[in-house]
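Student: Provided below: work_26.tsv, containing TSV, C-alpha atoms.
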chain	number	residue	atom	x	y	z
B	1	MET	CA	15.15	-39.49	-50.08
B	2	PHE	CA	16.46	-40.82	-53.39
B	3	PHE	CA	19.99	-40.85	-51.97
B	4	GLN	CA	19.05	-43.05	-49.02
B	5	ARG	CA	19.93	-46.70	-49.47
B	6	VAL	CA	16.69	-47.84	-47.84
B	7	ASN	CA	14.83	-46.20	-50.72
B	8	PHE	CA	16.82	-47.03	-53.81
B	9	THR	CA	17.17	-50.67	-52.84
B	10	HIS	CA	13.38	-50.97	-52.50
B	11	PRO	CA	11.54	-52.52	-55.50
B	12	ALA	CA	8.95	-49.69	-55.39
B	13	PHE	CA	11.75	-47.19	-56.12
B	14	TRP	CA	12.30	-48.80	-59.52
B	15	GLU	CA	8.58	-49.03	-60.11
B	16	GLY	CA	8.51	-45.26	-59.60
B	17	VAL	CA	11.43	-44.83	-62.01
B	18	ARG	CA	9.63	-46.91	-64.67
B	19	THR	CA	6.38	-44.99	-64.17
B	20	SER	CA	8.21	-41.71	-64.69
B	21	ALA	CA	10.15	-43.14	-67.67
B	22	ALA	CA	6.86	-43.71	-69.51
B	23	LEU	CA	6.39	-39.92	-69.55
B	24	ALA	CA	10.03	-39.01	-70.08
B	25	PRO	CA	9.89	-38.08	-73.81
B	26	GLY	CA	7.16	-35.45	-73.31
B	27	LEU	CA	8.87	-33.99	-70.27
B	28	ALA	CA	12.20	-33.99	-72.11
B	29	ALA	CA	10.73	-31.98	-74.99
B	30	TRP	CA	9.29	-29.50	-72.50
B	31	GLY	CA	12.62	-29.29	-70.65
B	32	VAL	CA	14.62	-28.62	-73.82
B	33	MET	CA	12.19	-25.93	-74.96
B	34	THR	CA	12.19	-24.23	-71.56
B	35	GLY	CA	16.00	-24.05	-71.79
B	36	VAL	CA	15.73	-22.61	-75.30
B	37	ALA	CA	13.04	-20.13	-74.23
B	38	MET	CA	15.20	-18.75	-71.39
B	39	VAL	CA	18.19	-18.00	-73.60
B	40	ASN	CA	15.99	-16.69	-76.43
B	41	ALA	CA	14.33	-14.25	-74.01
B	42	GLY	CA	17.75	-12.71	-73.40
B	43	MET	CA	18.57	-14.35	-70.07
B	44	SER	CA	22.27	-14.95	-69.44
B	45	THR	CA	23.61	-18.50	-69.46
B	46	PHE	CA	24.32	-18.18	-65.73
B	47	ASP	CA	20.73	-17.11	-64.94
B	48	SER	CA	19.29	-19.82	-67.20
B	49	VAL	CA	21.35	-22.56	-65.55
B	50	LEU	CA	20.56	-21.28	-62.06
B	51	MET	CA	16.84	-21.18	-62.84
B	52	THR	CA	16.89	-24.72	-64.25
B	53	LEU	CA	18.73	-26.06	-61.21
B	54	VAL	CA	16.87	-24.38	-58.34
B	55	VAL	CA	13.37	-23.29	-59.44
B	56	TYR	CA	12.25	-26.70	-60.75
B	57	ALA	CA	8.73	-25.69	-61.82
B	58	GLY	CA	8.17	-25.56	-65.59
B	59	SER	CA	4.99	-23.49	-65.49
B	60	VAL	CA	6.58	-20.92	-63.14
B	61	GLN	CA	9.66	-20.70	-65.34
B	62	LEU	CA	7.55	-20.11	-68.45
B	63	ALA	CA	5.55	-17.40	-66.65
B	64	ALA	CA	8.65	-15.74	-65.17
B	65	ILE	CA	10.80	-15.67	-68.33
B	66	PRO	CA	8.90	-12.85	-70.12
B	67	LEU	CA	8.65	-10.92	-66.83
B	68	LEU	CA	12.43	-11.17	-66.27
B	69	ALA	CA	13.02	-10.11	-69.87
B	70	ALA	CA	10.74	-7.11	-69.36
B	71	LYS	CA	12.67	-6.21	-66.17
B	72	ALA	CA	9.53	-6.52	-64.03
B	73	PRO	CA	10.01	-5.83	-60.30
B	74	MET	CA	10.84	-8.87	-58.18
B	75	TRP	CA	7.57	-8.76	-56.20
B	76	VAL	CA	5.59	-9.03	-59.45
B	77	ILE	CA	7.58	-12.08	-60.53
B	78	VAL	CA	7.27	-13.73	-57.11
B	79	THR	CA	3.52	-13.02	-56.81
B	80	THR	CA	2.94	-14.41	-60.29
B	81	ALA	CA	4.90	-17.54	-59.34
B	82	ILE	CA	2.77	-18.02	-56.21
B	83	CYS	CA	-0.43	-17.86	-58.29
B	84	VAL	CA	0.91	-20.28	-60.90
B	85	ASN	CA	2.02	-22.65	-58.13
B	86	LEU	CA	-1.22	-22.46	-56.18
B	87	ARG	CA	-2.18	-25.92	-57.38
B	88	PHE	CA	0.70	-27.35	-55.36
B	89	VAL	CA	-0.81	-25.92	-52.16
B	90	VAL	CA	-3.91	-27.96	-52.99
B	91	PHE	CA	-1.84	-31.06	-53.73
B	92	SER	CA	0.07	-30.63	-50.45
B	93	ALA	CA	-3.17	-30.86	-48.44
B	94	HIS	CA	-3.71	-34.26	-50.06
B	95	LEU	CA	-0.08	-35.42	-49.73
B	96	ARG	CA	-0.14	-34.50	-46.04
B	97	GLN	CA	-1.97	-37.75	-45.26
B	98	TYR	CA	0.94	-39.71	-46.74
B	99	LEU	CA	3.90	-37.65	-45.57
B	100	MET	CA	3.20	-36.63	-41.96
B	101	VAL	CA	4.67	-39.91	-40.69
B	102	TRP	CA	8.15	-38.79	-41.80
B	103	PRO	CA	10.45	-36.28	-40.09
B	104	ARG	CA	10.15	-32.70	-41.29
B	105	TRP	CA	13.35	-32.53	-43.33
B	106	GLN	CA	12.28	-35.61	-45.30
B	107	ARG	CA	8.84	-34.09	-45.87
B	108	LEU	CA	10.40	-30.88	-47.19
B	109	VAL	CA	12.77	-32.70	-49.54
B	110	ASN	CA	9.98	-34.97	-50.82
B	111	GLY	CA	7.59	-32.04	-51.16
B	112	TYR	CA	10.04	-29.82	-53.05
B	113	PHE	CA	10.64	-32.50	-55.69
B	114	THR	CA	7.00	-33.57	-56.09
B	115	ALA	CA	5.69	-31.76	-59.18
B	116	ASP	CA	2.46	-32.40	-61.11
B	117	LEU	CA	3.32	-35.69	-62.75
B	118	THR	CA	4.75	-37.22	-59.59
B	119	TYR	CA	1.78	-36.08	-57.49
B	120	VAL	CA	-0.81	-37.50	-59.88
B	121	GLN	CA	0.94	-40.80	-60.54
B	122	PHE	CA	1.82	-41.29	-56.88
B	123	THR	CA	-1.76	-40.77	-55.71
B	124	GLN	CA	-3.03	-43.06	-58.47
B	125	ARG	CA	-0.59	-45.79	-57.49
B	126	PHE	CA	-1.43	-45.35	-53.79
B	127	PRO	CA	-5.07	-44.18	-53.63
B	128	HIS	CA	-5.11	-44.57	-49.83
B	129	PRO	CA	-2.27	-43.83	-47.38
B	130	ALA	CA	-0.63	-47.00	-46.06
B	131	GLU	CA	-1.49	-48.08	-42.53
B	132	ASP	CA	1.63	-50.12	-41.80
B	133	ASP	CA	5.37	-49.53	-41.90
B	134	ALA	CA	6.08	-51.70	-44.95
B	135	GLY	CA	3.42	-49.83	-46.92
B	136	ARG	CA	4.84	-46.44	-45.94
B	137	ARG	CA	8.33	-47.50	-47.00
B	138	ALA	CA	6.98	-48.58	-50.38
B	139	GLU	CA	5.19	-45.24	-50.76
B	140	GLN	CA	8.29	-43.23	-50.02
B	141	ALA	CA	10.50	-45.41	-52.24
B	142	PHE	CA	8.05	-45.04	-55.16
B	143	LEU	CA	7.87	-41.28	-54.63
B	144	CYS	CA	11.67	-40.96	-54.56
B	145	GLY	CA	12.15	-43.11	-57.65
B	146	HIS	CA	9.51	-41.17	-59.56
B	147	TYR	CA	10.70	-37.68	-58.72
B	148	GLY	CA	14.36	-38.73	-58.91
B	149	LEU	CA	14.08	-39.55	-62.62
B	150	THR	CA	11.67	-36.66	-63.27
B	151	TRP	CA	14.07	-34.13	-61.72
B	152	LEU	CA	17.09	-35.58	-63.51
B	153	ASN	CA	15.20	-35.52	-66.80
B	154	TRP	CA	14.11	-31.89	-66.30
B	155	VAL	CA	17.55	-30.60	-65.32
B	156	VAL	CA	19.52	-32.48	-67.99
B	157	THR	CA	17.13	-31.57	-70.82
B	158	GLY	CA	16.95	-27.96	-69.59
B	159	LEU	CA	20.75	-27.72	-69.74
B	160	ILE	CA	20.73	-29.32	-73.19
B	161	GLY	CA	18.19	-26.70	-74.30
B	162	ILE	CA	20.40	-23.90	-72.96
B	163	ALA	CA	23.42	-25.34	-74.80
B	164	LEU	CA	21.58	-25.97	-78.06
B	165	THR	CA	19.52	-22.80	-78.24
B	166	HIS	CA	20.38	-22.20	-81.86
B	167	ALA	CA	19.91	-25.80	-82.99
B	168	VAL	CA	16.26	-25.97	-81.84
B	169	PRO	CA	14.34	-22.91	-83.06
B	170	ALA	CA	11.73	-21.76	-80.55
B	171	HIS	CA	9.14	-21.34	-83.32
B	172	TRP	CA	8.90	-25.12	-83.70
B	173	GLY	CA	6.84	-24.97	-80.55
B	174	LEU	CA	8.09	-28.30	-79.16
B	175	GLY	CA	7.43	-26.96	-75.66
B	176	PHE	CA	3.73	-27.57	-76.31
B	177	ALA	CA	4.48	-31.26	-75.57
B	178	GLY	CA	4.59	-30.34	-71.88
B	179	ILE	CA	1.10	-28.84	-72.02
B	180	LEU	CA	-0.17	-31.95	-73.85
B	181	GLY	CA	1.30	-34.07	-71.05
B	182	LEU	CA	-0.67	-31.99	-68.54
B	183	VAL	CA	-3.79	-32.51	-70.71
B	184	GLY	CA	-3.30	-36.25	-70.22
B	185	VAL	CA	-2.78	-35.80	-66.48
B	186	THR	CA	-5.94	-33.66	-66.26
B	187	CYS	CA	-7.96	-36.29	-68.17
B	188	SER	CA	-6.79	-38.98	-65.76
B	189	LEU	CA	-8.21	-36.94	-62.85
B	190	ALA	CA	-11.64	-36.68	-64.54
B	191	THR	CA	-13.13	-39.66	-62.75
B	192	SER	CA	-16.64	-38.36	-62.05
B	193	ARG	CA	-19.23	-36.01	-63.49
B	194	LEU	CA	-18.60	-33.38	-60.84
B	195	ARG	CA	-14.88	-33.46	-61.49
B	196	VAL	CA	-15.52	-32.97	-65.21
B	197	THR	CA	-17.76	-30.05	-64.21
B	198	ALA	CA	-14.94	-28.64	-62.08
B	199	ALA	CA	-12.59	-28.81	-65.08
B	200	VAL	CA	-15.05	-27.13	-67.45
B	201	VAL	CA	-15.89	-24.33	-64.99
B	202	ALA	CA	-12.24	-23.80	-64.04
B	203	GLY	CA	-11.12	-23.71	-67.67
B	204	ALA	CA	-13.83	-21.24	-68.68
B	205	ALA	CA	-13.22	-18.97	-65.69
B	206	SER	CA	-9.46	-18.95	-66.17
B	207	VAL	CA	-9.85	-17.90	-69.81
B	208	ALA	CA	-12.54	-15.32	-69.00
B	209	ALA	CA	-10.26	-13.78	-66.35
B	210	VAL	CA	-7.06	-14.11	-68.37
B	211	ALA	CA	-6.59	-10.35	-68.61
B	212	LEU	CA	-6.07	-10.06	-64.84
B	213	PRO	CA	-2.50	-9.21	-63.81
B	214	LEU	CA	-0.18	-11.52	-61.82
B	215	LYS	CA	-1.88	-14.65	-63.24
B	216	LEU	CA	-4.75	-14.07	-60.82
B	217	ASN	CA	-6.98	-15.85	-63.36
B	218	ILE	CA	-5.56	-19.05	-61.89
B	219	VAL	CA	-6.79	-18.15	-58.41
B	220	VAL	CA	-10.20	-17.08	-59.77
B	221	GLY	CA	-10.57	-20.26	-61.82
B	222	ILE	CA	-9.85	-22.63	-58.92
B	223	ALA	CA	-12.07	-20.71	-56.48
B	224	VAL	CA	-15.06	-20.53	-58.83
B	225	ALA	CA	-14.83	-24.19	-59.87
B	226	VAL	CA	-14.50	-25.53	-56.33
B	227	ALA	CA	-17.34	-23.32	-55.07
B	228	VAL	CA	-19.68	-24.39	-57.89
B	229	CYS	CA	-18.95	-28.10	-57.34
B	230	MET	CA	-19.34	-27.86	-53.56
B	231	LEU	CA	-22.76	-26.30	-54.09
B	232	MET	CA	-23.70	-28.90	-56.71
B	233	ASP	CA	-22.69	-31.94	-54.68
B	234	ARG	CA	-25.26	-30.93	-52.08
B	235	LEU	CA	-28.02	-31.15	-54.70
B	236	PRO	CA	-30.12	-34.34	-54.68
B	237	GLY	CA	-29.19	-36.77	-57.44
B	238	LEU	CA	-25.68	-35.37	-57.82
B	239	ALA	CA	-24.17	-36.89	-54.70
B	240	PRO	CA	-20.56	-37.78	-55.41
B	241	ALA	CA	-19.71	-41.39	-56.17
B	242	PRO	CA	-17.66	-43.08	-53.43
B	243	LYS	CA	-14.53	-43.01	-55.58
B	244	ASP	CA	-14.71	-39.22	-55.53
B	245	ALA	CA	-13.75	-39.24	-51.90
B	246	ALA	CA	-10.05	-38.89	-52.54
I	1	MET	CA	32.13	-11.55	-65.23
I	2	ILE	CA	28.96	-13.17	-63.99
I	3	ASN	CA	26.09	-10.79	-63.29
I	4	LEU	CA	24.47	-11.70	-59.98
I	5	GLU	CA	21.57	-9.26	-60.37
I	6	HIS	CA	18.89	-11.97	-60.73
I	7	VAL	CA	20.17	-14.36	-58.06
I	8	PRO	CA	17.75	-13.05	-55.36
I	9	THR	CA	14.81	-13.49	-57.78
I	10	MET	CA	15.85	-17.06	-58.66
I	11	LEU	CA	16.30	-17.99	-55.01
I	12	SER	CA	12.92	-16.44	-54.16
I	13	LEU	CA	11.31	-18.52	-56.90
I	14	ALA	CA	12.97	-21.63	-55.47
I	15	VAL	CA	11.49	-20.75	-52.05
I	16	VAL	CA	8.06	-20.33	-53.72
I	17	THR	CA	8.43	-23.84	-55.18
I	18	LEU	CA	9.39	-25.27	-51.79
I	19	VAL	CA	6.72	-23.49	-49.73
I	20	THR	CA	3.80	-24.04	-52.13
I	21	ARG	CA	4.62	-27.73	-52.61
I	22	CYS	CA	5.03	-28.34	-48.86
I	23	PHE	CA	2.43	-25.86	-47.61
I	24	PHE	CA	0.22	-28.21	-45.58
I	25	PHE	CA	3.00	-30.36	-44.15
I	26	ILE	CA	5.64	-27.84	-43.12
I	27	SER	CA	4.37	-27.69	-39.54
I	28	ASP	CA	4.75	-30.65	-37.18
I	29	LYS	CA	1.56	-29.70	-35.34
I	30	PRO	CA	-1.31	-32.18	-35.54
I	31	TRP	CA	-4.17	-30.72	-37.53
I	32	GLU	CA	-7.52	-32.20	-38.42
I	33	MET	CA	-8.71	-31.20	-41.86
I	34	PRO	CA	-12.15	-29.53	-41.62
I	35	GLY	CA	-14.89	-31.44	-43.45
I	36	TRP	CA	-15.54	-28.66	-45.95
I	37	VAL	CA	-11.87	-28.57	-46.94
I	38	GLU	CA	-11.96	-32.28	-47.52
I	39	ARG	CA	-15.04	-31.86	-49.72
I	40	GLY	CA	-13.34	-29.10	-51.68
I	41	LEU	CA	-10.29	-31.29	-52.19
I	42	ARG	CA	-12.32	-33.67	-54.35
I	43	TYR	CA	-12.53	-30.99	-57.02
I	44	ALA	CA	-9.51	-28.75	-56.39
I	45	PRO	CA	-6.76	-30.86	-58.01
I	46	ILE	CA	-8.43	-31.11	-61.42
I	47	ALA	CA	-9.51	-27.45	-61.26
I	48	ALA	CA	-5.96	-26.41	-60.35
I	49	LEU	CA	-4.51	-28.23	-63.36
I	50	THR	CA	-7.18	-27.04	-65.79
I	51	VAL	CA	-6.59	-23.37	-64.96
I	52	VAL	CA	-2.94	-23.77	-65.93
I	53	VAL	CA	-3.57	-25.84	-69.06
I	54	VAL	CA	-6.61	-24.24	-70.73
I	55	PRO	CA	-5.19	-20.69	-71.06
I	56	GLU	CA	-2.06	-22.22	-72.62
I	57	ILE	CA	-4.29	-23.75	-75.31
I	58	LEU	CA	-6.92	-21.06	-75.90
I	59	THR	CA	-5.21	-17.72	-75.24
I	60	LEU	CA	-2.45	-15.75	-76.89
I	61	GLN	CA	-0.80	-12.75	-75.24
I	62	GLY	CA	-3.50	-12.42	-72.59
I	63	GLN	CA	-6.50	-12.75	-74.92
I	64	LEU	CA	-8.81	-15.52	-76.11
I	65	ILE	CA	-7.56	-16.53	-79.58
I	66	SER	CA	-9.61	-14.78	-82.26
I	67	ASP	CA	-8.31	-16.77	-85.26
I	68	TRP	CA	-9.46	-20.41	-85.24
I	69	ARG	CA	-6.40	-21.36	-87.29
I	70	ASP	CA	-4.30	-22.18	-84.26
I	71	ALA	CA	-2.59	-25.57	-84.01
I	72	ARG	CA	-2.97	-25.82	-80.24
I	73	TRP	CA	-6.69	-26.53	-79.82
I	74	PRO	CA	-6.90	-29.29	-82.47
I	75	ALA	CA	-3.83	-30.91	-80.89
I	76	ALA	CA	-5.37	-30.76	-77.41
I	77	LEU	CA	-8.66	-32.18	-78.76
I	78	ALA	CA	-6.75	-35.06	-80.38
I	79	SER	CA	-4.95	-35.71	-77.08
I	80	GLY	CA	-8.23	-35.77	-75.18
I	81	ALA	CA	-9.83	-38.10	-77.76
I	82	TYR	CA	-6.86	-40.46	-77.55
I	83	PHE	CA	-7.16	-40.54	-73.77
I	84	LEU	CA	-10.87	-41.41	-73.93
I	85	LEU	CA	-10.22	-44.26	-76.40
I	86	GLN	CA	-7.37	-45.61	-74.26
I	87	ARG	CA	-9.25	-45.35	-70.99
I	88	GLY	CA	-8.51	-48.19	-68.63
I	89	ARG	CA	-5.62	-49.55	-70.69
I	90	GLY	CA	-2.81	-48.44	-68.43
I	91	GLN	CA	-0.23	-45.79	-69.25
I	92	SER	CA	-1.79	-43.42	-71.69
I	93	ILE	CA	-0.22	-40.05	-70.95
I	94	LEU	CA	2.70	-40.63	-73.32
I	95	GLY	CA	0.12	-41.49	-76.00
I	96	THR	CA	-1.69	-38.19	-75.41
I	97	ILE	CA	1.60	-36.34	-75.98
I	98	VAL	CA	2.50	-38.28	-79.14
I	99	THR	CA	-1.01	-38.00	-80.63
I	100	GLY	CA	-1.24	-34.29	-79.83
I	101	MET	CA	2.20	-33.50	-81.29
I	102	ALA	CA	1.34	-35.57	-84.42
I	103	VAL	CA	-1.54	-33.13	-84.97
I	104	TYR	CA	0.28	-30.01	-83.73
I	105	LEU	CA	3.54	-30.16	-85.71
I	106	PRO	CA	2.07	-30.55	-89.24
I	107	LEU	CA	-0.47	-27.77	-88.60
I	108	HIS	CA	2.05	-25.50	-86.88
I	109	LEU	CA	5.10	-26.01	-89.11
I	110	GLY	CA	3.32	-27.07	-92.31
I	111	LEU	CA	0.41	-24.64	-92.42
I	112	GLY	CA	1.85	-22.00	-90.11
I	113	TRP	CA	-1.13	-22.20	-87.69
Using structure tokens, write down the structure that the file contains.

Tutor:
Amino acid sequence: MFFQRVNFTHPAFWEGVRTSAALAPGLAAWGVMTGVAMVNAGMSTFDSVLMTLVVYAGSVQLAAIPLLAAKAPMWVIVTTAICVNLRFVVFSAHLRQYLMVWPRWQRLVNGYFTADLTYVQFTQRFPHPAEDDAGRRAEQAFLCGHYGLTWLNWVVTGLIGIALTHAVPAHWGLGFAGILGLVGVTCSLATSRLRVTAAVVAGAASVAAVALPLKLNIVVGIAVAVAVCMLMDRLPGLAPAPKDAA
Amino acid sequence: MINLEHVPTMLSLAVVTLVTRCFFFISDKPWEMPGWVERGLRYAPIAALTVVVVPEILTLQGQLISDWRDARWPAALASGAYFLLQRGRGQSILGTIVTGMAVYLPLHLGLGW
């Protein structure tokens, strides 16, 4: 945990902080605009602050804001959030190999704070789970440093956005910086032809199915892309390169 | 007076964040990942990000954009191009944001795209 001395005195903690700092401006712009968007949609200051502090998932917040404004039933909002967050279920299967060595409460804290950027940069920094104790400590320290700064950045800029709603007009569209950051993250995952194929198929399917309610287009897109690639990697000549085996 | 009407929704969303992010390591039980799941996991992360990102770039109010004068797709293309040029030269995600916004803001605020 970021508040444990064993982590923040570890050099990898600060490496994680620096890695997150490189992305901080884009995330900050997204955080401010999410704050602005909440207040502009008619949410109370109390609700906006509570959402910023506890939900900690930019894409869920952006999907939930119009639903809250439209007074949608709670089950609709929660189901939509599950669909939007489905990618984290996928990431958690991967992170499991790194985290199972820690006690459950530490896994839950680390998992809760590990959003897209932290997941991608952590697994790039540590492509294979450590096999010894020193390596595992470095992994956890890096993870804590990375998500520590990322969380702080998100919460502080979200609160700034809530406070400055009228100073930063929503029509400037600064929140698009967050999506552009995710474009960069997506590109950095495109390390093989089949992964590029997965992205193209998933993108096309999610747009084709965009009219589905509850953001089910996200579920459809992932399912179609993974199924197509699993069929294709059995074809001769398309066998995945070794580095695909993440 | 603070209105607590939405507190249950916010707390539920926080639980969704916790459970989805921890899904496969909540239980302490040992569990061997089946081979087909492991194969699927090669492609699932990039697919799972793309399905969130692409509709944010190419759709508006639940429909594919019909007017090509939209600042989002040229900005995303510029970001992607920057990433390809920078490939292998370390941290490039900040560059994708800066390049994309340098295309997005003039088109969006200047030309109203």

Student: One decimal, in Å: what's the spacing between CA of Leu159 (chain B) and CA of Val32 (chain B)?

Tutor: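 Straight-line distance from CA of Leu159 (chain B) to CA of Val32 (chain B) works out to 7.4 Å.
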
Student: If we count all atoms listed in the file, what is near Gly58 (chain B) at a cut-off of 10 Å, once residues fewer than 4 positions away on the same chain are taken out, given as a list in words?

Tutor: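 Contacts, in chain order: Leu27, Trp30, Gly31, Thr34, Thr52, Leu62, Ala63, Ala64, Ala115, Asp116, Trp154, Gly158 and Gly178 of chain B.
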
Student: Using all atoms listed in the file, I'd like every residue of chain B that has an atom within 7 Å of chain I; please write them out as number ranges by chain.

Tutor: B: 22-23, 26, 47, 51, 54-55, 57, 74, 78, 81-82, 85-93, 96, 100, 104, 108, 111-112, 172, 177, 179-186, 189, 195, 198-199, 202-203, 206-207, 210-211, 218, 221-222, 225-226, 230, 244-246

Student: How close does each residue of region 71-141 of chain B get to region 6-13 of chain B, giving the shortest atom pair and distance in Å to one decimal for every residue with an atom at most 8 Å away, counting all atoms listed in the file, sorted by chain and residue number, as a Markdown table?

Tutor:
| residue | atom | partner | partner_atom | distance |
| --- | --- | --- | --- | --- |
| B:Arg137 | CA | B:Asn7 | CA | 7.6 |
| B:Ala138 | CA | B:Ala12 | CA | 5.5 |
| B:Glu139 | CA | B:Ala12 | CA | 7.4 |
| B:Gln140 | CA | B:Asn7 | CA | 7.2 |
| B:Ala141 | CA | B:Phe13 | CA | 4.4 |

Student: Figure out the distance between CA of Asn40 (chain B) and CA of Leu212 (chain B), please, to one decimal in Å.

Tutor: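 Answer for the CA of Leu212 (chain B) to CA of Asn40 (chain B) separation: 25.8 Å.
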
Student: Rank B:Asn110, B:Gln97, B:Gln4, B:Thr197 by their smallest atom-to-atom distance to Glu32 (chain I), using all atoms listed in the file, and report the top residue only.

Tutor: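 Counting all atoms listed in the file, the residue closest to Glu32 (chain I) is B:Gln97.
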
Student: In Å to one decimal, how far is CA of Arg125 (chain B) from CA of Trp102 (chain B)?

Tutor: 19.3 Å

Student: With all atoms listed in the file as the basis for distance, which of B:Ala29, B:Met38, B:Ala204, B:Ala209 is at the shortest distance from Ala163 (chain B)?

Tutor: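 Counting all atoms listed in the file, the residue closest to Ala163 (chain B) is B:Met38.
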